[in-house]
Amino acid sequence: MTILVETHAHYRLITLNRPERLNALTVEMAEALSAAFDAAAADESCRALLITGAGRAFCAGQDLTAIVGIAPAEIGHLLDHYNPLIRKLRALPMPVVCAVNGVAAGAGANFALACDIVLAGQGASFVQAFARIGLIPDCGGTWFLPRLVGMACARAIAMLAEPLPAATAAEWGMIWRVVADDRLMAEAHALAARLAGGATRALALTKRALDMAETNDLDNQLELERDLQEEASVSPDHAEGVRAFLEKRPAVFTGRRS
Ligand code: LHQ
């Protein structure tokens, strides 16, 4: 199995599972991930996702042994299998946590950056390996990187293709936090569980609003916030949140979408 899916209370753990190849991506794996995202989106009781890698790496990007023999002009078409994944991940109606447990290279690095909250172990690193093999950063890399770290750092990260240690990635704002390697999964599970207990509809709409802010001007963003706030305000979790505040007790959110 190229991925493993484990169900926890209100969230799912997806583990990239080709450790002997540092979890390098194949079309089969992309299809399995796509099906796992669809299943999560269709299940109202799934209120967060946690993604990590098996073994010592997070993901080494495209499996380079799988592109041997493919006509160069066809290689771009491989992205027809990966681009839908990035789109699906961004559109998932729940927060996605990524626990980067080791090296994240090429498309593997950008797959991590596409997630909502990225935690990394101290020993993890991010490598935009593409330049080393005469390719350009894909899977959203050229979009995510400048937005996360600014154009000056994005250019150097993309063109030099040097491993960026997790601590530097956090310092530069590329990821949320670095934790000790032996604490990574405990912290990541705690974060996923906490998000899964949140007001899921509001979190999904927050994700959408922040994504739209990347391209909207302020006027359009204000309009969007009004529309999305209307959607959030009719959710049962909004009513519960206000009730809990007035009754001076912790809110118990259900994540029900209506
Ligand atoms: C691998 C891989 C790998 C196969 C390690 N494939 N076996 C491009 C094309 C078209 C469309 C779709 O999108 C893309 C996007 C991309 O992702 S292009 C970028 C592809 N990725 C890379 O160029 C990274 C290649 N890997 C590396 O640079 C290193 O392996 C890293 C820095 C990830 C880790 O280095 P080490 O920790 O020193 O490990 P290693 O190199 O010894 O790798 C361990 C094994 O994993 C080894 O196999 P072996 O049989 O010798 O034990 C590697 O061959 C294999 N492996 N990455 N992408």
# chains A, B, ... in the order shown; residues from 1 in each chain; ligands from 1
>>> closest_atom_pairs(of="chain A", to="ligand 1", cutoff="7 Å", atoms="only C-alpha atoms and all ligand atoms", output="Markdown table")
| residue | atom | partner | partner_atom_place_in_ligand_line | distance |
| --- | --- | --- | --- | --- |
| A:Glu20 | CA | ligand 1 | 46 (O) | 6.1 |
| A:Arg21 | CA | ligand 1 | 46 (O) | 4.0 |
| A:Leu22 | CA | ligand 1 | 46 (O) | 5.1 |
| A:Ala24 | CA | ligand 1 | 58 (N) | 5.1 |
| A:Ala60 | CA | ligand 1 | 33 (C) | 4.5 |
| A:Gly61 | CA | ligand 1 | 17 (O) | 3.5 |
| A:Gln62 | CA | ligand 1 | 17 (O) | 3.8 |
| A:Asp63 | CA | ligand 1 | 6 (N) | 3.3 |
| A:Leu64 | CA | ligand 1 | 6 (N) | 3.9 |
| A:Thr65 | CA | ligand 1 | 4 (C) | 5.2 |
| A:Ile75 | CA | ligand 1 | 10 (C) | 4.9 |
| A:Gly76 | CA | ligand 1 | 11 (C) | 5.3 |
| A:His77 | CA | ligand 1 | 11 (C) | 6.9 |
| A:Leu78 | CA | ligand 1 | 11 (C) | 4.6 |
| A:Leu79 | CA | ligand 1 | 12 (C) | 5.0 |
| A:Val103 | CA | ligand 1 | 33 (C) | 5.9 |
| A:Ala104 | CA | ligand 1 | 33 (C) | 6.7 |
| A:Ala105 | CA | ligand 1 | 33 (C) | 5.2 |
| A:Gly106 | CA | ligand 1 | 17 (O) | 3.9 |
| A:Ala107 | CA | ligand 1 | 17 (O) | 3.7 |
| A:Gly108 | CA | ligand 1 | 17 (O) | 6.2 |
| A:Val127 | CA | ligand 1 | 32 (C) | 6.9 |
| A:Ala129 | CA | ligand 1 | 23 (O) | 4.9 |
| A:Phe130 | CA | ligand 1 | 19 (C) | 4.9 |
| A:Arg132 | CA | ligand 1 | 23 (O) | 6.9 |
| A:Ile133 | CA | ligand 1 | 23 (O) | 6.3 |
| A:Leu135 | CA | ligand 1 | 18 (S) | 6.8 |
| A:Asp138 | CA | ligand 1 | 15 (C) | 6.0 |
>>> residues_around(residues="Glu231 in chain A", least_positions_apart="6", cutoff="12 Å", atoms="only C-alpha atoms", output="PyMOL selection string")
chain A and resi 201-206+224-225+237-238+257-258
>>> write_last_selection(atoms="N, CA, C and O atoms", output="compact mmCIF listing (two decimals), in the first residue's frame")
# COMPACT_ATOMS: atom_id res chain seq x y z
N ARG A 201 -16.63 24.14 10.35
CA ARG A 201 -17.13 24.96 9.23
C ARG A 201 -16.37 26.30 9.19
O ARG A 201 -15.94 26.75 8.14
N ALA A 202 -16.24 26.91 10.36
CA ALA A 202 -15.54 28.20 10.43
C ALA A 202 -14.07 28.03 10.01
O ALA A 202 -13.51 28.88 9.32
N LEU A 203 -13.46 26.93 10.41
CA LEU A 203 -12.05 26.71 10.04
C LEU A 203 -11.91 26.52 8.53
O LEU A 203 -10.98 27.03 7.91
N ALA A 204 -12.87 25.79 7.95
CA ALA A 204 -12.83 25.58 6.49
C ALA A 204 -13.01 26.91 5.76
O ALA A 204 -12.33 27.18 4.76
N LEU A 205 -13.90 27.75 6.28
CA LEU A 205 -14.14 29.04 5.62
C LEU A 205 -12.96 29.99 5.84
O LEU A 205 -12.63 30.79 4.97
N THR A 206 -12.31 29.87 6.99
CA THR A 206 -11.11 30.67 7.26
C THR A 206 -10.02 30.33 6.25
O THR A 206 -9.35 31.20 5.69
N LEU A 224 -15.87 39.25 0.47
CA LEU A 224 -15.79 37.80 0.67
C LEU A 224 -15.97 37.47 2.15
O LEU A 224 -16.71 36.53 2.51
N GLU A 225 -15.32 38.23 3.02
CA GLU A 225 -15.45 37.98 4.47
C GLU A 225 -16.92 38.09 4.90
O GLU A 225 -17.40 37.29 5.69
N ASP A 237 -22.17 25.34 15.19
CA ASP A 237 -21.03 25.63 16.06
C ASP A 237 -20.94 27.10 16.45
O ASP A 237 -20.44 27.43 17.53
N HIS A 238 -21.42 27.98 15.59
CA HIS A 238 -21.42 29.40 15.98
C HIS A 238 -22.40 29.59 17.15
O HIS A 238 -22.07 30.22 18.16
N ARG A 257 -22.05 20.59 9.38
CA ARG A 257 -21.92 21.62 8.34
C ARG A 257 -23.18 22.47 8.23
O ARG A 257 -23.16 23.53 7.63
N SER A 258 -24.30 21.98 8.73
CA SER A 258 -25.52 22.82 8.73
C SER A 258 -26.41 22.39 9.88
O SER A 258 -26.19 21.36 10.50
>>> residues_around(residues="Leu195 in chain A", least_positions_apart="6", cutoff="10 Å", atoms="only C-alpha atoms", output="list in words")
His10, Tyr11, Arg47, Ala48, Leu49, Met94, Pro95, Val96, Val97, His189 and Leu203 of chain A
>>> write_last_selection(atoms="N, CA, C and O atoms", output="short mmCIF file (atom, residue, chain, number, x, y, z; two decimals), in the first residue's frame")
data_model
loop_
_atom_site.label_atom_id
_atom_site.label_comp_id
_atom_site.auth_asym_id
_atom_site.auth_seq_id
_atom_site.Cartn_x
_atom_site.Cartn_y
_atom_site.Cartn_z
N HIS A 10 -12.37 11.82 15.12
CA HIS A 10 -12.61 13.06 14.37
C HIS A 10 -11.49 13.51 13.42
O HIS A 10 -11.55 14.59 12.87
N TYR A 11 -10.42 12.75 13.30
CA TYR A 11 -9.44 13.09 12.25
C TYR A 11 -8.82 11.82 11.70
O TYR A 11 -8.93 10.75 12.28
N ARG A 47 -12.85 15.69 10.71
CA ARG A 47 -12.79 17.15 10.89
C ARG A 47 -11.37 17.71 10.82
O ARG A 47 -11.16 18.89 11.05
N ALA A 48 -10.40 16.85 10.54
CA ALA A 48 -9.02 17.31 10.31
C ALA A 48 -8.25 16.17 9.67
O ALA A 48 -8.64 15.00 9.80
N LEU A 49 -7.18 16.51 8.97
CA LEU A 49 -6.28 15.49 8.42
C LEU A 49 -4.89 15.75 8.96
O LEU A 49 -4.50 16.90 9.18
N MET A 94 -11.66 21.15 5.82
CA MET A 94 -11.13 20.87 7.17
C MET A 94 -9.65 21.25 7.17
O MET A 94 -9.02 21.30 6.10
N PRO A 95 -9.09 21.52 8.35
CA PRO A 95 -7.66 21.83 8.39
C PRO A 95 -6.79 20.61 8.13
O PRO A 95 -7.15 19.49 8.53
N VAL A 96 -5.66 20.84 7.48
CA VAL A 96 -4.72 19.75 7.18
C VAL A 96 -3.39 20.08 7.86
O VAL A 96 -2.79 21.12 7.60
N VAL A 97 -2.97 19.18 8.75
CA VAL A 97 -1.69 19.34 9.44
C VAL A 97 -0.67 18.44 8.74
O VAL A 97 -0.99 17.30 8.41
N HIS A 189 -0.24 14.90 16.51
CA HIS A 189 -1.54 14.31 16.86
C HIS A 189 -2.32 15.27 17.77
O HIS A 189 -3.54 15.43 17.61
N LEU A 203 -13.46 26.93 10.41
CA LEU A 203 -12.05 26.71 10.04
C LEU A 203 -11.91 26.52 8.53
O LEU A 203 -10.98 27.03 7.91
#
>>> atom_distance(atom1="CA of Val27 in chain A", atom2="CA of Thr2 in chain A")
10.2 Å
>>> residues_around(residues="Gly102 in chain A", least_positions_apart="5", cutoff="10 Å", atoms="only C-alpha atoms", output="MDAnalysis selection string")
chainID A and resid 22 52:60 120:126 165:166 181
>>> write_last_selection(atoms="N, CA and C atoms", output="mmCIF file, in the first residue's frame")
data_model
loop_
_atom_site.group_PDB
_atom_site.id
_atom_site.type_symbol
_atom_site.label_atom_id
_atom_site.label_comp_id
_atom_site.auth_asym_id
_atom_site.auth_seq_id
_atom_site.Cartn_x
_atom_site.Cartn_y
_atom_site.Cartn_z
ATOM 1 N N LEU A 22 12.173 6.577 0.133
ATOM 2 C CA LEU A 22 11.947 7.852 0.835
ATOM 3 C C LEU A 22 10.569 8.436 0.474
ATOM 4 N N THR A 52 1.860 12.513 7.176
ATOM 5 C CA THR A 52 3.275 12.334 7.505
ATOM 6 C C THR A 52 3.874 11.276 6.579
ATOM 7 N N GLY A 53 5.143 10.945 6.796
ATOM 8 C CA GLY A 53 5.803 9.932 5.971
ATOM 9 C C GLY A 53 6.299 8.777 6.822
ATOM 10 N N ALA A 54 6.328 7.589 6.242
ATOM 11 C CA ALA A 54 6.863 6.423 6.961
ATOM 12 C C ALA A 54 8.387 6.429 6.851
ATOM 13 N N GLY A 55 9.049 5.973 7.893
ATOM 14 C CA GLY A 55 10.507 5.850 7.842
ATOM 15 C C GLY A 55 11.219 7.163 8.093
ATOM 16 N N ARG A 56 12.414 7.320 7.486
ATOM 17 C CA ARG A 56 13.257 8.462 7.850
ATOM 18 C C ARG A 56 12.996 9.729 7.035
ATOM 19 N N ALA A 57 12.155 9.628 5.992
ATOM 20 C CA ALA A 57 11.912 10.801 5.143
ATOM 21 C C ALA A 57 10.425 11.157 5.145
ATOM 22 N N PHE A 58 10.139 12.407 4.768
ATOM 23 C CA PHE A 58 8.733 12.746 4.535
ATOM 24 C C PHE A 58 8.375 12.323 3.110
ATOM 25 N N CYS A 59 9.065 12.884 2.119
ATOM 26 C CA CYS A 59 8.794 12.528 0.727
ATOM 27 C C CYS A 59 9.889 13.105 -0.168
ATOM 28 N N ALA A 60 10.451 12.261 -1.027
ATOM 29 C CA ALA A 60 11.567 12.682 -1.904
ATOM 30 C C ALA A 60 11.082 13.215 -3.246
ATOM 31 N N ALA A 120 7.553 20.407 11.824
ATOM 32 C CA ALA A 120 8.657 19.571 11.331
ATOM 33 C C ALA A 120 9.515 19.142 12.500
ATOM 34 N N GLY A 121 10.076 17.965 12.372
ATOM 35 C CA GLY A 121 11.051 17.507 13.352
ATOM 36 C C GLY A 121 12.358 18.262 13.146
ATOM 37 N N GLN A 122 13.115 18.391 14.220
ATOM 38 C CA GLN A 122 14.396 19.100 14.184
ATOM 39 C C GLN A 122 15.311 18.597 13.058
ATOM 40 N N GLY A 123 15.243 17.312 12.778
ATOM 41 C CA GLY A 123 16.142 16.725 11.776
ATOM 42 C C GLY A 123 15.607 16.809 10.355
ATOM 43 N N ALA A 124 14.431 17.378 10.186
ATOM 44 C CA ALA A 124 13.835 17.457 8.841
ATOM 45 C C ALA A 124 14.496 18.573 8.034
ATOM 46 N N SER A 125 14.352 18.494 6.724
ATOM 47 C CA SER A 125 14.844 19.586 5.871
ATOM 48 C C SER A 125 13.967 19.665 4.626
ATOM 49 N N PHE A 126 14.036 20.810 3.973
ATOM 50 C CA PHE A 126 13.237 21.070 2.770
ATOM 51 C C PHE A 126 14.204 21.368 1.627
ATOM 52 N N PRO A 165 17.326 23.596 6.558
ATOM 53 C CA PRO A 165 16.984 22.880 7.795
ATOM 54 C C PRO A 165 15.641 23.370 8.346
ATOM 55 N N ALA A 166 14.945 22.461 9.032
ATOM 56 C CA ALA A 166 13.613 22.785 9.563
ATOM 57 C C ALA A 166 13.635 24.055 10.408
ATOM 58 N N ASP A 181 12.604 15.740 17.272
ATOM 59 C CA ASP A 181 12.159 14.618 16.429
ATOM 60 C C ASP A 181 11.290 13.624 17.203
#
>>> closest_atom_pairs(of="range 68-125 of chain A", to="range 33-36 of chain A", cutoff="9 Å", atoms="only C-alpha atoms", output="CSV")
residue,atom,partner,partner_atom,distance
A:Pro84,CA,A:Ser34,CA,7.9
A:Leu85,CA,A:Ser34,CA,5.9
A:Lys88,CA,A:Ser34,CA,7.6
A:Leu89,CA,A:Ser34,CA,8.8
>>> closest_residue(among="A:Asn17, A:Thr142, A:Ser233, A:Asn220", to="Val5 in chain A", atoms="only C-alpha atoms")
A:Asn17
>>> atom_distance(atom1="CA of Asp116 in chain A", atom2="CA of Asp211 in chain A")
10.2 Å
>>> closest_residue(among="A:Leu92, A:Glu31, A:Phe37, A:Leu25", to="Ala66 in chain A", atoms="only C-alpha atoms")
A:Leu25
>>> select_by_dssp(residues="range 62-253 of chain A", states="strand (DSSP E)", output="list in words")
Val96, Val97, Cys98, Ala99, Val100, Val103, Ala104, Ala105, Ile117, Val118, Leu119, Ala120, Gly121, Ser125, Phe126, Val127, Leu164, Pro165, Arg177, Val178 and Val179 of chain A
>>> write_last_selection(atoms="C-alpha atoms", output="compact mmCIF listing (two decimals), in the first residue's frame")
# COMPACT_ATOMS: atom_id res chain seq x y z
CA VAL A 96 -4.72 19.75 7.18
CA VAL A 97 -1.69 19.34 9.44
CA CYS A 98 1.59 18.11 7.97
CA ALA A 99 4.17 16.44 10.20
CA VAL A 100 7.43 16.59 8.25
CA VAL A 103 13.66 15.27 4.24
CA ALA A 104 10.95 16.81 2.02
CA ALA A 105 12.35 17.19 -1.50
CA ILE A 117 -0.19 23.96 9.39
CA VAL A 118 3.27 22.44 8.95
CA LEU A 119 5.20 21.03 11.89
CA ALA A 120 8.66 19.57 11.33
CA GLY A 121 11.05 17.51 13.35
CA SER A 125 14.84 19.59 5.87
CA PHE A 126 13.24 21.07 2.77
CA VAL A 127 14.96 20.85 -0.62
CA LEU A 164 16.91 24.19 4.21
CA PRO A 165 16.98 22.88 7.79
CA ARG A 177 6.99 25.19 14.15
CA VAL A 178 9.93 22.85 14.73
CA VAL A 179 9.82 20.28 17.49
>>> closest_residue(among="A:Asp219, A:Pro137, A:Ser45, A:Ala112", to="Ala9 in chain A", atoms="only C-alpha atoms")
A:Ser45
>>> select_by_dssp(residues="range 6-112 of chain A", states="alpha helix (DSSP H)", output="PyMOL selection string")
chain A and resi 27-42+72-75+79-91+107-112
>>> closest_residue(among="A:Leu222, A:Leu148, A:Cys115, A:Ala109", to="Ala91 in chain A", atoms="only C-alpha atoms")
A:Cys115
>>> atom_distance(atom1="CA of Leu184 in chain A", atom2="CA of Asn101 in chain A")
7.3 Å
